[in-house]
>>> print(open('start17.pdb').read())   # PDB, C-alpha atoms and all ligand atoms
ATOM      1  CA  MET A 997     -69.217  35.683  71.130
ATOM      2  CA  LYS A 998     -72.162  34.248  69.179
ATOM      3  CA  LYS A 999     -71.428  32.222  66.067
ATOM      4  CA  ILE A1000     -73.179  31.420  62.828
ATOM      5  CA  TYR A1001     -71.648  28.546  60.880
ATOM      6  CA  LEU A1002     -71.657  27.208  57.353
ATOM      7  CA  LEU A1003     -71.571  23.404  57.298
ATOM      8  CA  GLY A1004     -70.376  21.735  54.120
ATOM      9  CA  HIS A1005     -67.855  19.246  52.736
ATOM     10  CA  PRO A1006     -65.553  20.342  51.360
ATOM     11  CA  VAL A1007     -66.347  23.790  52.671
ATOM     12  CA  LYS A1008     -64.751  26.164  50.275
ATOM     13  CA  GLN A1009     -63.765  29.772  50.656
ATOM     14  CA  SER A1010     -67.077  31.468  51.229
ATOM     15  CA  MET A1011     -67.976  34.974  50.136
ATOM     16  CA  SER A1012     -70.184  35.210  53.228
ATOM     17  CA  VAL A1013     -67.162  35.133  55.552
ATOM     18  CA  SER A1014     -65.448  38.048  53.851
ATOM     19  CA  ILE A1015     -68.629  40.116  53.686
ATOM     20  CA  LEU A1016     -70.349  39.339  56.982
ATOM     21  CA  ASN A1017     -67.497  39.459  59.513
ATOM     22  CA  PRO A1018     -66.366  43.020  58.648
ATOM     23  CA  ILE A1019     -70.024  44.138  58.871
ATOM     24  CA  PHE A1020     -70.525  42.469  62.268
ATOM     25  CA  GLU A1021     -67.261  43.979  63.501
ATOM     26  CA  LYS A1022     -67.959  47.486  62.198
ATOM     27  CA  ARG A1023     -71.383  47.504  63.816
ATOM     28  CA  GLY A1024     -70.003  46.183  67.123
ATOM     29  CA  MET A1025     -72.164  43.057  66.867
ATOM     30  CA  ASP A1026     -71.013  40.183  69.039
ATOM     31  CA  LEU A1027     -71.214  37.790  66.105
ATOM     32  CA  ARG A1028     -68.934  35.819  63.763
ATOM     33  CA  TYR A1029     -69.575  33.731  60.648
ATOM     34  CA  GLU A1030     -67.356  30.639  60.437
ATOM     35  CA  LEU A1031     -66.895  27.700  58.086
ATOM     36  CA  LEU A1032     -67.160  24.140  59.397
ATOM     37  CA  ASP A1033     -65.906  21.308  57.208
ATOM     38  CA  VAL A1034     -68.131  18.406  58.227
ATOM     39  CA  LYS A1035     -67.729  14.942  56.712
ATOM     40  CA  PRO A1036     -71.008  13.089  56.064
ATOM     41  CA  GLU A1037     -70.322  10.616  58.888
ATOM     42  CA  GLU A1038     -69.818  13.485  61.353
ATOM     43  CA  LEU A1039     -72.996  15.386  60.488
ATOM     44  CA  GLY A1040     -75.270  14.002  63.234
ATOM     45  CA  GLU A1041     -72.776  14.629  66.001
ATOM     46  CA  VAL A1042     -71.915  18.140  64.794
ATOM     47  CA  VAL A1043     -75.550  19.231  64.359
ATOM     48  CA  THR A1044     -76.601  17.791  67.730
ATOM     49  CA  GLY A1045     -73.669  19.626  69.339
ATOM     50  CA  LEU A1046     -74.509  22.945  67.664
ATOM     51  CA  LEU A1047     -78.148  22.741  68.765
ATOM     52  CA  LYS A1048     -76.943  22.471  72.384
ATOM     53  CA  ASP A1049     -74.248  25.134  72.051
ATOM     54  CA  GLU A1050     -75.385  28.373  73.715
ATOM     55  CA  ASN A1051     -73.016  30.384  71.541
ATOM     56  CA  CYS A1052     -74.383  29.073  68.251
ATOM     57  CA  LEU A1053     -77.095  31.367  66.920
ATOM     58  CA  ALA A1054     -77.709  29.646  63.594
ATOM     59  CA  PHE A1055     -76.086  27.683  60.803
ATOM     60  CA  ASN A1056     -76.263  27.385  57.066
ATOM     61  CA  VAL A1057     -76.009  24.033  55.367
ATOM     62  CA  THR A1058     -74.541  23.380  51.946
ATOM     63  CA  VAL A1059     -73.475  20.474  49.704
ATOM     64  CA  PRO A1060     -73.673  17.569  50.561
ATOM     65  CA  HIS A1061     -75.713  17.998  53.765
ATOM     66  CA  LYS A1062     -78.898  19.855  52.790
ATOM     67  CA  GLU A1063     -81.026  16.708  52.772
ATOM     68  CA  ASN A1064     -79.361  14.601  55.452
ATOM     69  CA  VAL A1065     -79.367  17.399  58.034
ATOM     70  CA  ILE A1066     -83.175  17.133  58.353
ATOM     71  CA  GLU A1067     -83.150  14.006  60.515
ATOM     72  CA  TYR A1068     -81.122  15.771  63.229
ATOM     73  CA  LEU A1069     -83.371  18.851  63.494
ATOM     74  CA  LYS A1070     -86.244  19.395  65.936
ATOM     75  CA  ASP A1071     -88.578  20.842  63.338
ATOM     76  CA  ILE A1072     -88.620  22.071  59.738
ATOM     77  CA  SER A1073     -90.736  24.651  57.936
ATOM     78  CA  ASP A1074     -93.520  23.393  55.667
ATOM     79  CA  ASP A1075     -91.750  24.532  52.492
ATOM     80  CA  ALA A1076     -88.477  22.832  53.526
ATOM     81  CA  LYS A1077     -90.489  19.668  54.177
ATOM     82  CA  ASP A1078     -92.052  19.871  50.703
ATOM     83  CA  ILE A1079     -88.688  20.529  49.061
ATOM     84  CA  GLY A1080     -86.879  17.937  51.162
ATOM     85  CA  ALA A1081     -83.868  20.149  51.841
ATOM     86  CA  VAL A1082     -82.755  22.645  54.469
ATOM     87  CA  ASN A1083     -80.118  25.330  53.976
ATOM     88  CA  CYS A1084     -80.655  27.466  57.087
ATOM     89  CA  VAL A1085     -81.163  26.420  60.713
ATOM     90  CA  ASP A1086     -82.192  28.520  63.696
ATOM     91  CA  ALA A1087     -80.069  26.877  66.409
ATOM     92  CA  LYS A1088     -82.162  28.370  69.224
ATOM     93  CA  THR A1089     -85.293  26.486  68.137
ATOM     94  CA  GLY A1090     -83.627  23.670  66.171
ATOM     95  CA  LYS A1091     -85.882  24.492  63.211
ATOM     96  CA  GLY A1092     -84.684  24.180  59.603
ATOM     97  CA  TYR A1093     -85.715  26.358  56.700
ATOM     98  CA  ASN A1094     -85.209  26.464  52.943
ATOM     99  CA  THR A1095     -84.337  29.991  51.865
ATOM    100  CA  ASP A1096     -82.907  28.897  48.472
ATOM    101  CA  TRP A1097     -86.333  28.745  46.827
ATOM    102  CA  LYS A1098     -87.295  32.131  48.232
ATOM    103  CA  GLY A1099     -84.019  33.597  46.959
ATOM    104  CA  PHE A1100     -84.719  32.225  43.490
ATOM    105  CA  LYS A1101     -88.332  33.463  43.506
ATOM    106  CA  LYS A1102     -87.313  36.942  44.572
ATOM    107  CA  SER A1103     -84.592  37.079  41.904
ATOM    108  CA  VAL A1104     -87.077  36.549  39.051
ATOM    109  CA  GLU A1105     -89.825  38.836  40.313
ATOM    110  CA  ASN A1106     -89.273  41.314  37.472
ATOM    111  CA  PHE A1107     -89.902  38.700  34.786
ATOM    112  CA  GLU A1108     -93.255  37.566  33.531
ATOM    113  CA  VAL A1109     -94.161  34.031  34.543
ATOM    114  CA  ALA A1110     -94.823  31.804  31.536
ATOM    115  CA  ASP A1111     -96.062  28.247  30.963
ATOM    116  CA  VAL A1112     -93.110  25.956  30.334
ATOM    117  CA  ALA A1113     -89.774  25.835  32.189
ATOM    118  CA  THR A1114     -86.904  23.503  31.342
ATOM    119  CA  VAL A1115     -84.673  22.816  34.323
ATOM    120  CA  PHE A1116     -81.255  21.219  33.900
ATOM    121  CA  GLY A1117     -80.152  19.306  37.007
ATOM    122  CA  ALA A1118     -81.929  17.305  39.676
ATOM    123  CA  GLY A1119     -79.852  17.955  42.811
ATOM    124  CA  GLY A1120     -80.521  20.153  45.830
ATOM    125  CA  ALA A1121     -80.694  23.446  43.933
ATOM    126  CA  SER A1122     -83.056  21.904  41.393
ATOM    127  CA  LYS A1123     -85.494  20.826  44.102
ATOM    128  CA  ALA A1124     -85.689  24.365  45.491
ATOM    129  CA  ILE A1125     -86.087  25.868  42.021
ATOM    130  CA  VAL A1126     -88.661  23.380  40.723
ATOM    131  CA  TYR A1127     -90.663  24.128  43.874
ATOM    132  CA  ALA A1128     -90.340  27.876  43.230
ATOM    133  CA  LEU A1129     -91.383  27.492  39.572
ATOM    134  CA  CYS A1130     -94.474  25.550  40.649
ATOM    135  CA  VAL A1131     -95.374  28.199  43.245
ATOM    136  CA  LEU A1132     -94.800  30.924  40.644
ATOM    137  CA  GLY A1133     -97.409  29.331  38.390
ATOM    138  CA  PHE A1134     -95.562  27.470  35.613
ATOM    139  CA  LYS A1135     -97.816  24.806  34.144
ATOM    140  CA  GLU A1136     -95.194  22.434  32.773
ATOM    141  CA  ILE A1137     -91.741  21.671  34.156
ATOM    142  CA  ARG A1138     -89.257  19.599  32.171
ATOM    143  CA  VAL A1139     -86.369  18.179  34.169
ATOM    144  CA  VAL A1140     -83.199  17.273  32.258
ATOM    145  CA  ASN A1141     -80.480  15.387  34.114
ATOM    146  CA  ARG A1142     -77.333  13.362  33.446
ATOM    147  CA  THR A1143     -78.579  10.717  35.885
ATOM    148  CA  VAL A1144     -82.146  10.155  34.762
ATOM    149  CA  GLU A1145     -83.106   8.193  37.912
ATOM    150  CA  ARG A1146     -82.420  11.291  39.995
ATOM    151  CA  ALA A1147     -84.765  13.336  37.800
ATOM    152  CA  GLU A1148     -87.394  10.614  38.170
ATOM    153  CA  LYS A1149     -87.191  10.803  41.960
ATOM    154  CA  LEU A1150     -87.480  14.577  41.909
ATOM    155  CA  VAL A1151     -90.481  14.489  39.586
ATOM    156  CA  GLU A1152     -92.143  11.816  41.713
ATOM    157  CA  ARG A1153     -91.887  14.123  44.724
ATOM    158  CA  PHE A1154     -93.264  17.218  43.016
ATOM    159  CA  SER A1155     -96.006  15.413  41.046
ATOM    160  CA  GLU A1156     -97.443  14.389  44.414
ATOM    161  CA  LEU A1157     -97.264  17.949  45.722
ATOM    162  CA  PHE A1158     -98.429  19.790  42.604
ATOM    163  CA  LYS A1159    -101.042  17.561  41.009
ATOM    164  CA  ASP A1160    -102.195  20.234  38.532
ATOM    165  CA  LYS A1161     -98.733  20.537  36.901
ATOM    166  CA  THR A1162     -97.238  18.526  34.068
ATOM    167  CA  PHE A1163     -93.736  17.160  34.649
ATOM    168  CA  LYS A1164     -91.497  15.651  31.998
ATOM    169  CA  ILE A1165     -88.149  13.895  32.363
ATOM    170  CA  HIS A1166     -85.303  14.017  29.836
ATOM    171  CA  SER A1167     -81.764  12.755  29.574
ATOM    172  CA  LEU A1168     -79.022  15.224  28.602
ATOM    173  CA  LYS A1169     -79.092  13.738  25.080
ATOM    174  CA  GLU A1170     -82.696  14.915  24.762
ATOM    175  CA  SER A1171     -81.981  18.506  25.671
ATOM    176  CA  SER A1172     -83.191  19.878  22.297
ATOM    177  CA  LYS A1173     -86.518  18.136  22.757
ATOM    178  CA  ALA A1174     -86.682  19.415  26.335
ATOM    179  CA  LEU A1175     -86.161  22.987  25.103
ATOM    180  CA  SER A1176     -88.591  22.845  22.224
ATOM    181  CA  GLY A1177     -91.413  25.311  22.973
ATOM    182  CA  ALA A1178     -90.020  26.135  26.425
ATOM    183  CA  ASP A1179     -90.205  29.678  27.847
ATOM    184  CA  TRP A1180     -87.571  29.634  30.581
ATOM    185  CA  LEU A1181     -84.354  27.636  30.861
ATOM    186  CA  VAL A1182     -82.847  27.228  34.327
ATOM    187  CA  ASN A1183     -79.461  25.601  34.802
ATOM    188  CA  THR A1184     -79.247  24.143  38.308
ATOM    189  CA  THR A1185     -76.220  21.952  37.597
ATOM    190  CA  SER A1186     -72.724  22.950  38.620
ATOM    191  CA  VAL A1187     -71.639  22.880  34.941
ATOM    192  CA  GLY A1188     -69.799  26.128  34.141
ATOM    193  CA  MET A1189     -68.774  26.785  37.735
ATOM    194  CA  TYR A1190     -65.246  28.046  38.447
ATOM    195  CA  PRO A1191     -62.681  26.708  37.503
ATOM    196  CA  ASN A1192     -64.562  24.986  34.618
ATOM    197  CA  VAL A1193     -65.763  28.299  33.229
ATOM    198  CA  ASP A1194     -65.641  27.173  29.577
ATOM    199  CA  GLU A1195     -68.150  24.389  30.150
ATOM    200  CA  CYS A1196     -71.819  24.672  29.327
ATOM    201  CA  ILE A1197     -74.866  22.411  29.418
ATOM    202  CA  PRO A1198     -75.633  20.994  25.928
ATOM    203  CA  VAL A1199     -77.683  23.805  24.391
ATOM    204  CA  ASP A1200     -77.016  25.882  21.305
ATOM    205  CA  GLU A1201     -77.495  29.517  20.342
ATOM    206  CA  GLU A1202     -80.565  28.876  18.210
ATOM    207  CA  GLU A1203     -82.354  27.094  21.058
ATOM    208  CA  ILE A1204     -81.476  29.874  23.484
ATOM    209  CA  ARG A1205     -82.642  32.578  21.079
ATOM    210  CA  LYS A1206     -86.226  31.279  21.297
ATOM    211  CA  LEU A1207     -86.412  31.511  25.106
ATOM    212  CA  LYS A1208     -87.848  34.306  27.237
ATOM    213  CA  LEU A1209     -85.398  33.899  30.120
ATOM    214  CA  VAL A1210     -82.171  32.034  30.833
ATOM    215  CA  TYR A1211     -81.186  31.549  34.472
ATOM    216  CA  ASP A1212     -77.939  30.040  35.743
ATOM    217  CA  VAL A1213     -77.798  29.042  39.393
ATOM    218  CA  VAL A1214     -73.989  29.062  39.285
ATOM    219  CA  HIS A1215     -72.798  32.193  41.066
ATOM    220  CA  ASN A1216     -69.097  32.005  40.313
ATOM    221  CA  PRO A1217     -68.484  33.355  37.709
ATOM    222  CA  LYS A1218     -71.289  35.901  37.638
ATOM    223  CA  ILE A1219     -71.649  35.545  33.867
ATOM    224  CA  THR A1220     -71.251  31.869  32.997
ATOM    225  CA  LYS A1221     -70.712  30.526  29.502
ATOM    226  CA  LEU A1222     -74.466  29.802  29.307
ATOM    227  CA  LEU A1223     -75.353  33.360  30.278
ATOM    228  CA  SER A1224     -72.823  34.771  27.841
ATOM    229  CA  ILE A1225     -74.674  32.968  25.021
ATOM    230  CA  ALA A1226     -78.000  34.414  26.210
ATOM    231  CA  GLN A1227     -76.388  37.847  26.351
ATOM    232  CA  LYS A1228     -74.982  37.417  22.837
ATOM    233  CA  VAL A1229     -78.349  36.465  21.312
ATOM    234  CA  GLY A1230     -80.215  39.154  23.248
ATOM    235  CA  VAL A1231     -82.269  36.981  25.606
ATOM    236  CA  ASN A1232     -83.050  38.071  29.180
ATOM    237  CA  PHE A1233     -80.806  36.341  31.687
ATOM    238  CA  VAL A1234     -80.293  36.215  35.444
ATOM    239  CA  SER A1235     -77.163  35.160  37.304
ATOM    240  CA  GLY A1236     -77.141  32.865  40.341
ATOM    241  CA  THR A1237     -75.523  35.762  42.206
ATOM    242  CA  GLU A1238     -79.064  37.209  42.480
ATOM    243  CA  MET A1239     -80.387  34.025  44.086
ATOM    244  CA  TRP A1240     -77.409  33.947  46.411
ATOM    245  CA  ILE A1241     -77.881  37.537  47.575
ATOM    246  CA  ASN A1242     -81.615  37.055  48.027
ATOM    247  CA  GLN A1243     -81.315  33.796  49.965
ATOM    248  CA  ALA A1244     -78.832  35.528  52.273
ATOM    249  CA  LYS A1245     -81.372  38.307  52.866
ATOM    250  CA  GLU A1246     -83.937  35.650  53.823
ATOM    251  CA  ASN A1247     -81.414  34.125  56.233
ATOM    252  CA  PHE A1248     -81.031  37.468  58.007
ATOM    253  CA  LYS A1249     -84.745  37.372  58.900
ATOM    254  CA  ILE A1250     -84.236  33.965  60.540
ATOM    255  CA  TRP A1251     -81.030  35.081  62.285
ATOM    256  CA  ASN A1252     -82.803  38.238  63.456
ATOM    257  CA  VAL A1253     -80.131  40.536  61.977
ATOM    258  CA  GLU A1254     -82.213  42.259  59.306
ATOM    259  CA  GLU A1255     -80.496  45.560  60.053
ATOM    260  CA  ILE A1256     -77.440  44.388  58.065
ATOM    261  CA  THR A1257     -79.444  43.681  54.877
ATOM    262  CA  ASP A1258     -78.664  46.840  52.885
ATOM    263  CA  GLU A1259     -75.017  46.918  53.854
ATOM    264  CA  PHE A1260     -74.636  43.227  52.981
ATOM    265  CA  GLU A1261     -76.219  43.715  49.567
ATOM    266  CA  GLU A1262     -74.040  46.713  48.807
ATOM    267  CA  LYS A1263     -70.825  44.863  49.804
ATOM    268  CA  ALA A1264     -71.866  41.711  47.965
ATOM    269  CA  ARG A1265     -72.509  43.643  44.753
ATOM    270  CA  GLU A1266     -69.176  45.443  45.119
ATOM    271  CA  LEU A1267     -67.347  42.121  45.528
ATOM    272  CA  ILE A1268     -69.216  40.307  42.737
ATOM    273  CA  GLY A1269     -68.710  43.177  40.338
TER     274      GLY A1269
HETATM  275  N1  LIG L   1     -77.007  30.784  43.501
HETATM  276  C1  LIG L   1     -77.302  30.174  44.619
HETATM  277  O1  LIG L   1     -77.780  30.788  45.599
HETATM  278  C2  LIG L   1     -77.107  28.697  44.721
HETATM  279  C3  LIG L   1     -77.771  27.959  45.709
HETATM  280  C4  LIG L   1     -77.575  26.581  45.728
HETATM  281  C5  LIG L   1     -76.713  25.983  44.820
HETATM  282  N2  LIG L   1     -76.066  26.737  43.903
HETATM  283  C6  LIG L   1     -75.178  26.138  42.894
HETATM  284  O2  LIG L   1     -75.936  25.169  42.185
HETATM  285  C7  LIG L   1     -75.082  24.151  41.696
HETATM  286  C8  LIG L   1     -75.687  22.780  42.041
HETATM  287  O3  LIG L   1     -75.778  22.653  43.447
HETATM  288  P1  LIG L   1     -76.600  21.439  44.114
HETATM  289  O4  LIG L   1     -76.686  21.740  45.560
HETATM  290  O5  LIG L   1     -77.859  21.177  43.369
HETATM  291  O6  LIG L   1     -75.588  20.230  43.850
HETATM  292  P2  LIG L   1     -75.931  18.681  43.754
HETATM  293  O7  LIG L   1     -77.075  18.327  44.631
HETATM  294  O8  LIG L   1     -74.638  17.987  43.935
HETATM  295  O9  LIG L   1     -76.438  18.483  42.228
HETATM  296  C9  LIG L   1     -75.575  18.709  41.148
HETATM  297  C10 LIG L   1     -76.339  18.622  39.840
HETATM  298  O10 LIG L   1     -75.441  18.965  38.782
HETATM  299  C11 LIG L   1     -75.369  17.865  37.856
HETATM  300  N3  LIG L   1     -74.006  17.794  37.318
HETATM  301  C12 LIG L   1     -72.845  17.936  37.994
HETATM  302  N4  LIG L   1     -71.804  17.841  37.157
HETATM  303  C13 LIG L   1     -72.317  17.611  35.919
HETATM  304  C14 LIG L   1     -71.756  17.416  34.635
HETATM  305  N5  LIG L   1     -70.425  17.423  34.451
HETATM  306  N6  LIG L   1     -72.588  17.250  33.585
HETATM  307  C15 LIG L   1     -73.926  17.250  33.761
HETATM  308  N7  LIG L   1     -74.529  17.409  34.952
HETATM  309  C16 LIG L   1     -73.732  17.593  36.023
HETATM  310  C17 LIG L   1     -75.746  16.668  38.666
HETATM  311  O11 LIG L   1     -76.154  15.617  37.812
HETATM  312  P3  LIG L   1     -76.182  14.085  38.329
HETATM  313  O12 LIG L   1     -77.450  13.944  39.132
HETATM  314  O13 LIG L   1     -76.174  13.290  37.101
HETATM  315  O14 LIG L   1     -74.938  13.899  39.166
HETATM  316  C18 LIG L   1     -76.878  17.233  39.518
HETATM  317  O15 LIG L   1     -78.059  17.338  38.765
HETATM  318  C19 LIG L   1     -73.715  24.421  42.312
HETATM  319  O16 LIG L   1     -72.930  25.105  41.354
HETATM  320  C20 LIG L   1     -74.026  25.345  43.489
HETATM  321  O17 LIG L   1     -72.935  26.194  43.804
HETATM  322  C21 LIG L   1     -76.253  28.093  43.829
END
>>> encode(input="start17.pdb", output="structure tokens")
Amino acid sequence: MKKIYLLGHPVKQSMSVSILNPIFEKRGMDLRYELLDVKPEELGEVVTGLLKDENCLAFNVTVPHKENVIEYLKDISDDAKDIGAVNCVDAKTGKGYNTDWKGFKKSVENFEVADVATVFGAGGASKAIVYALCVLGFKEIRVVNRTVERAEKLVERFSELFKDKTFKIHSLKESSKALSGADWLVNTTSVGMYPNVDECIPVDEEEIRKLKLVYDVVHNPKITKLLSIAQKVGVNFVSGTEMWINQAKENFKIWNVEEITDEFEEKARELIG
């Protein structure tokens, strides 16, 4: 039986397992999706082993391995190289890809691109989303992060890549300034994620009211506290569940199982509610 794994630490209960395995089984596909809890110090050995394992078709990579996995791969796509993170690996070729940014881009395709985006967070998800916002055509990206040095590193990377864009860095205390005149707000932090569903990044209703779009990368719950404020004040909003579904659809192209796309989306939407 061929396997596709999800490598993370800790690797939590994944929605992918409960959606994909019944689909593979029902369609008589000789395939299983399994979780692998991999400690940082074990990553090299595990990845090297999977790339040699004839039964491993592919693997996904999640927190905290998306950056460190790169050094153990044979090749990475140009966009993953630019972003500096890999979340999907074709084990047959040893090549890593970043499908997170494509999932984000696809999930906002119905909204008009504007000039200024304020992005909270500077971790792995932020890198993929800042990249996507630059590709989409935003002119100015403001990065707000608890640890300012991390935002500085991220901005350094993308200023080199996108020389025609303006990047600004803000601490969490400066979030009002970072939102002043902004068009889109994207939360890429884990703030508001289950079980801390009452938490929200430091923004208020009046600031949200002036935006054109509020996006929350958190996919559990579907409607986070941040999105519930956007909903209340009548601003367009998108849940991270859309990015998650769309990145999965990109993974299927790499895994060569595109025939499951519609069924996956239907089951995912049923489960998410
Ligand atoms: N929808 C999707 O498809 C999708 C894809 C990828 C990730 N995600 C979600 O995105 C979130 C972030 O993932 P990641 O990979 O970027 O994680 P990460 O690399 O660990 O980065 C976490 C980010 O959240 C910030 N943060 C964490 N706790 C905070 C707090 N209490 N107050 C303020 N800032 C806080 C961190 O700030 P510091 O730098 O100061 O620590 C950092 O900017 C997670 O909820 C993950 O599930 C969703």
>>> atom_distance(input="start17.pdb", atom1="atom C10 of ligand LIG 1 (chain L)", atom2="atom CA of Val1234 of chain A")
18.6 Å
>>> atom_distance(input="start17.pdb", atom1="atom CA of Gly1230 of chain A", atom2="atom CA of Ala1110 of chain A")
18.3 Å
>>> resolve_selection(input="start17.pdb", expression="the PyMOL selection byres (((chain A and resi 1207) around 8) and not hetatm)", output="list in words")
Ala1178, Asp1179, Trp1180, Leu1181, Glu1203, Ile1204, Arg1205, Lys1206, Lys1208, Leu1209, Val1210 and Val1231 of chain A
>>> closest_atom_pairs(input="start17.pdb", of="chain A", to="ligand LIG 1 (chain L)", cutoff="9 Å", atoms="all atoms listed in the file", output="Markdown table")
| residue | atom | partner | partner_atom | distance |
| --- | --- | --- | --- | --- |
| A:Thr1058 | CA | L:LIG1 | O4 | 6.9 |
| A:Val1059 | CA | L:LIG1 | O4 | 5.4 |
| A:Pro1060 | CA | L:LIG1 | O8 | 6.7 |
| A:Lys1062 | CA | L:LIG1 | O4 | 7.8 |
| A:Asn1083 | CA | L:LIG1 | C4 | 8.7 |
| A:Asp1096 | CA | L:LIG1 | C3 | 5.9 |
| A:Trp1097 | CA | L:LIG1 | C3 | 8.7 |
| A:Gly1099 | CA | L:LIG1 | O1 | 7.0 |
| A:Phe1100 | CA | L:LIG1 | O1 | 7.4 |
| A:Phe1116 | CA | L:LIG1 | O15 | 7.0 |
| A:Gly1117 | CA | L:LIG1 | O15 | 3.4 |
| A:Ala1118 | CA | L:LIG1 | O15 | 4.0 |
| A:Gly1119 | CA | L:LIG1 | O7 | 3.3 |
| A:Gly1120 | CA | L:LIG1 | O5 | 3.8 |
| A:Ala1121 | CA | L:LIG1 | O5 | 3.7 |
| A:Ser1122 | CA | L:LIG1 | O5 | 5.6 |
| A:Lys1123 | CA | L:LIG1 | O5 | 7.7 |
| A:Ala1124 | CA | L:LIG1 | C4 | 8.4 |
| A:Val1140 | CA | L:LIG1 | O15 | 8.3 |
| A:Asn1141 | CA | L:LIG1 | O15 | 5.6 |
| A:Arg1142 | CA | L:LIG1 | O13 | 3.8 |
| A:Thr1143 | CA | L:LIG1 | O13 | 3.7 |
| A:Val1144 | CA | L:LIG1 | O13 | 7.1 |
| A:Glu1145 | CA | L:LIG1 | O12 | 8.2 |
| A:Arg1146 | CA | L:LIG1 | O12 | 5.7 |
| A:Ala1147 | CA | L:LIG1 | O12 | 7.5 |
| A:Leu1168 | CA | L:LIG1 | C15 | 7.5 |
| A:Asn1183 | CA | L:LIG1 | O2 | 8.2 |
| A:Thr1184 | CA | L:LIG1 | O2 | 5.2 |
| A:Thr1185 | CA | L:LIG1 | O10 | 3.3 |
| A:Ser1186 | CA | L:LIG1 | O16 | 3.5 |
| A:Val1187 | CA | L:LIG1 | C13 | 5.4 |
| A:Gly1188 | CA | L:LIG1 | O16 | 7.9 |
| A:Met1189 | CA | L:LIG1 | O16 | 5.8 |
| A:Tyr1190 | CA | L:LIG1 | O16 | 8.7 |
| A:Glu1195 | CA | L:LIG1 | N5 | 8.5 |
| A:Cys1196 | CA | L:LIG1 | N6 | 8.6 |
| A:Ile1197 | CA | L:LIG1 | C15 | 6.8 |
| A:Pro1198 | CA | L:LIG1 | C15 | 8.8 |
| A:Asp1212 | CA | L:LIG1 | N1 | 7.8 |
| A:Val1213 | CA | L:LIG1 | N1 | 4.5 |
| A:Val1214 | CA | L:LIG1 | O16 | 4.6 |
| A:His1215 | CA | L:LIG1 | N1 | 5.1 |
| A:Asn1216 | CA | L:LIG1 | O17 | 7.8 |
| A:Ser1235 | CA | L:LIG1 | N1 | 7.6 |
| A:Gly1236 | CA | L:LIG1 | N1 | 3.8 |
| A:Thr1237 | CA | L:LIG1 | N1 | 5.4 |
| A:Glu1238 | CA | L:LIG1 | N1 | 6.8 |
| A:Met1239 | CA | L:LIG1 | O1 | 4.4 |
| A:Trp1240 | CA | L:LIG1 | O1 | 3.3 |
| A:Ile1241 | CA | L:LIG1 | O1 | 7.0 |
| A:Asn1242 | CA | L:LIG1 | O1 | 7.7 |
| A:Gln1243 | CA | L:LIG1 | O1 | 6.4 |
| A:Ala1244 | CA | L:LIG1 | O1 | 8.3 |
>>> residues_around(input="start17.pdb", residues="Lys1008 of chain A", least_positions_apart="4", cutoff="9 Å", atoms="all atoms listed in the file", output="tab-separated table (two decimals) with C-alpha atoms, in the frame of the given file")
chain	number	residue	atom	x	y	z
A	1004	GLY	CA	-70.38	21.74	54.12
A	1031	LEU	CA	-66.90	27.70	58.09
A	1033	ASP	CA	-65.91	21.31	57.21
>>> residues_around(input="start17.pdb", residues="Phe1154 of chain A", least_positions_apart="5", cutoff="10 Å", atoms="all atoms listed in the file", output="VMD selection string")
chain A and resid 1078 to 1079 1123 1126 to 1127 1130 1149 1159 1161 to 1163
>>> write_last_selection(input="start17.pdb", atoms="C-alpha atoms", output="tab-separated table (two decimals), keeping the file's coordinate frame")
chain	number	residue	atom	x	y	z
A	1078	ASP	CA	-92.05	19.87	50.70
A	1079	ILE	CA	-88.69	20.53	49.06
A	1123	LYS	CA	-85.49	20.83	44.10
A	1126	VAL	CA	-88.66	23.38	40.72
A	1127	TYR	CA	-90.66	24.13	43.87
A	1130	CYS	CA	-94.47	25.55	40.65
A	1149	LYS	CA	-87.19	10.80	41.96
A	1159	LYS	CA	-101.04	17.56	41.01
A	1161	LYS	CA	-98.73	20.54	36.90
A	1162	THR	CA	-97.24	18.53	34.07
A	1163	PHE	CA	-93.74	17.16	34.65
>>> resolve_selection(input="start17.pdb", expression="the PyMOL selection byres (((chain A and resi 1084) around 8) and not hetatm)", output="ChimeraX atom specification")
/A:1054-1057,1082-1083,1085-1086,1092-1095,1247
>>> write_last_selection(input="start17.pdb", atoms="C-alpha atoms", output="PDB file, in the coordinates of the input")
ATOM      1  CA  ALA A1054     -77.709  29.646  63.594  1.00  0.00           C
ATOM      2  CA  PHE A1055     -76.086  27.683  60.803  1.00  0.00           C
ATOM      3  CA  ASN A1056     -76.263  27.385  57.066  1.00  0.00           C
ATOM      4  CA  VAL A1057     -76.009  24.033  55.367  1.00  0.00           C
ATOM      5  CA  VAL A1082     -82.755  22.645  54.469  1.00  0.00           C
ATOM      6  CA  ASN A1083     -80.118  25.330  53.976  1.00  0.00           C
ATOM      7  CA  VAL A1085     -81.163  26.420  60.713  1.00  0.00           C
ATOM      8  CA  ASP A1086     -82.192  28.520  63.696  1.00  0.00           C
ATOM      9  CA  GLY A1092     -84.684  24.180  59.603  1.00  0.00           C
ATOM     10  CA  TYR A1093     -85.715  26.358  56.700  1.00  0.00           C
ATOM     11  CA  ASN A1094     -85.209  26.464  52.943  1.00  0.00           C
ATOM     12  CA  THR A1095     -84.337  29.991  51.865  1.00  0.00           C
ATOM     13  CA  ASN A1247     -81.414  34.125  56.233  1.00  0.00           C
TER      14      ASN A1247
END
>>> resolve_selection(input="start17.pdb", expression="the PyMOL selection byres (((chain A and resi 1269) around 12) and not hetatm)", output="compact mmCIF listing (two decimals) with C-alpha atoms, keeping the file's coordinate frame")
# COMPACT_ATOMS: atom_id res chain seq x y z
CA HIS A 1215 -72.80 32.19 41.07
CA ASN A 1216 -69.10 32.01 40.31
CA PRO A 1217 -68.48 33.35 37.71
CA LYS A 1218 -71.29 35.90 37.64
CA ILE A 1219 -71.65 35.54 33.87
CA THR A 1237 -75.52 35.76 42.21
CA GLU A 1261 -76.22 43.72 49.57
CA GLU A 1262 -74.04 46.71 48.81
CA LYS A 1263 -70.82 44.86 49.80
CA ALA A 1264 -71.87 41.71 47.96
CA ARG A 1265 -72.51 43.64 44.75
CA GLU A 1266 -69.18 45.44 45.12
CA LEU A 1267 -67.35 42.12 45.53
CA ILE A 1268 -69.22 40.31 42.74
